[in-house]
2 protein chains.
Amino acid sequence: MVLTAAQNRVVTAALELFARHGVGGTSLQMIADEIGVTKAAVYHQYNTKDEIVLAAAETELARLEAVVEVAERAPSAKAARDALVEGMVDLAVEGRRTVGSILNDPVIVGFFEDHAPFRRVMTRLRTLLLGDDSGPEARAQTAILIAAISGAVMHPFVADLDDKLLREQLLRMARRLLS
Amino acid sequence: MVLTAAQNRVVTAALELFARHGVGGTSLQMIADEIGVTKAAVYHQYNTKDEIVLAAAETELARLEAVVEVAERAPSAKAARDALVEGMVDLAVEGRRTVGSILNDPVIVGFFEDHAPFRRVMTRLRTLLLGDDSGPEARAQTAILIAAISGAVMHPFVADLDDKLLREQLLRMARRLLS
DNA sequence: GTCTATAGACCGATAGAC
DNA sequence: GTCTATCGGTCTATAGAC
């Protein structure tokens, strides 16, 4: 998962376009145009469109995993949970227009369905939030928190809110949900 | 917005395919195949793909509007709020695999951005939840609740949960968020 | 690592018969 | 309301030069 500079340009352009047009609505020509090269140059980095989609999805997953890793090193369970929630909120607010549509794109959802690393990150995340309880209620609560954070930042109702206020509201909601 | 039987078949097939492949990843040929007719027959109902997307989006919006309308007839503000939340949860749980990806599809989001009826329904929804307060915090809270409900039902963590338990968890979350 | 050029399939959309 | 047939354009992907 270490990308060359050229691969990084492809993945960055792809993520931006996926967020704007969806995965299915993004062509290799559009990615090439966004970078300023030809399609053939893109194909030299990745042999198929699916490989680009996978690399883009895994790049986003890596960002979340980094947040999980930092949280796991916190000195207490409570500190770990707080660090995780703050990190997730920051990721979502930073990528306001992109995170939600990419995470919910049916193609990406399909890729992650049988993706072991994705499931492992989700399990670590759930453990940080709610401890070793892996029952239905704990899984539902985790899903709700993830959906609320990643989805709310995209809603037209918050389009004119500044990042600071949006961040505060999301943290307040998360605290209330986990109390 | 009253659809003929043939138009209804097109919109229903389109919604199913949009959820599975995204709007951009769904072709008119796929819609025609799903119904069991040719592309030309689909074009006889709608002149462009955009018209199909709009009709599909408005059909989903109409379902939400119906829930809002029922809630508005409740005898008290509290009863109205409860009815709205229950109706939204039921809509999301019924359409588990479809609601989230359609609501978050970049193409649909773009269609709704300047769509006056959509904004009107959202405002009525926010008023039912939080009264006449249209400030940033109220809008953020509304966005969070909508995102949590519509997004959580799609998460792999709840894929094996039955509808009843998922419904209970979502209602518990909503109550906690609005208390 | 980037280019030009191309192959073959599929795209949205239309014409016209039944 | 559905069909066959077709248009021009774009799609993913490849070959081969620099």
# chains A, B, ... in the order shown; residues from 1 in each chain; ligands from 1
>>> closest_atom_pairs(of="chain C", to="range 5-18 of chain D", cutoff="9 Å", atoms="only C-alpha atoms (C1' of nucleotides)", output="CSV")
residue,atom,partner,partner_atom,distance
C:DT2,C1',D:DC18,C1',8.6
C:DC3,C1',D:DC18,C1',7.7
C:DT4,C1',D:DA17,C1',8.5
C:DA5,C1',D:DA15,C1',8.9
C:DT6,C1',D:DA15,C1',8.5
C:DA7,C1',D:DT14,C1',8.2
C:DA9,C1',D:DC11,C1',7.9
C:DC10,C1',D:DC11,C1',6.8
C:DC11,C1',D:DT10,C1',6.7
C:DA13,C1',D:DC7,C1',8.7
C:DT14,C1',D:DC7,C1',8.0
C:DA15,C1',D:DT6,C1',8.6
>>> select_by_dssp(residues="range 41-153 of chain A", states="helix (DSSP H, G or I)", output="PyMOL selection string")
chain A and resi 41-45+49-72+77-94+99-104+106-113+116-130+136-152
>>> closest_atom_pairs(of="chain A", to="chain C", cutoff="8 Å", atoms="only C-alpha atoms (C1' of nucleotides)", output="JSON lines")
{"residue": "A:Val37", "atom": "CA", "partner": "C:DT2", "partner_atom": "C1'", "distance": 7.7}
{"residue": "A:Thr38", "atom": "CA", "partner": "C:DC3", "partner_atom": "C1'", "distance": 7.7}
{"residue": "A:Ala40", "atom": "CA", "partner": "C:DT2", "partner_atom": "C1'", "distance": 7.9}
{"residue": "A:Ala41", "atom": "CA", "partner": "C:DT2", "partner_atom": "C1'", "distance": 5.8}
{"residue": "A:His44", "atom": "CA", "partner": "C:DG1", "partner_atom": "C1'", "distance": 7.8}
>>> closest_residue(among="B:Leu171, B:Ile31, B:Ala14, B:Ala19", to="chain A", atoms="only C-alpha atoms")
B:Ala19
>>> interface_residues(of="chain A", to="chain B", cutoff="6 Å", atoms="only C-alpha atoms", output="list of chain:residue names")
A:Arg20, A:His21, A:Gly22, A:Gly24, A:Gly25, A:Ser101, A:Asn104, A:Pro106, A:Arg139, A:Ala140, A:Ala143, A:Ile144, A:Ala147, A:Ala148, A:Gly151, A:Ala152, A:His155, A:Phe157, A:Val158
>>> interface_residues(of="chain D", to="chain B", cutoff="9 Å", atoms="only C-alpha atoms (C1' of nucleotides)", output="PyMOL selection string")
chain D and resi 1-3
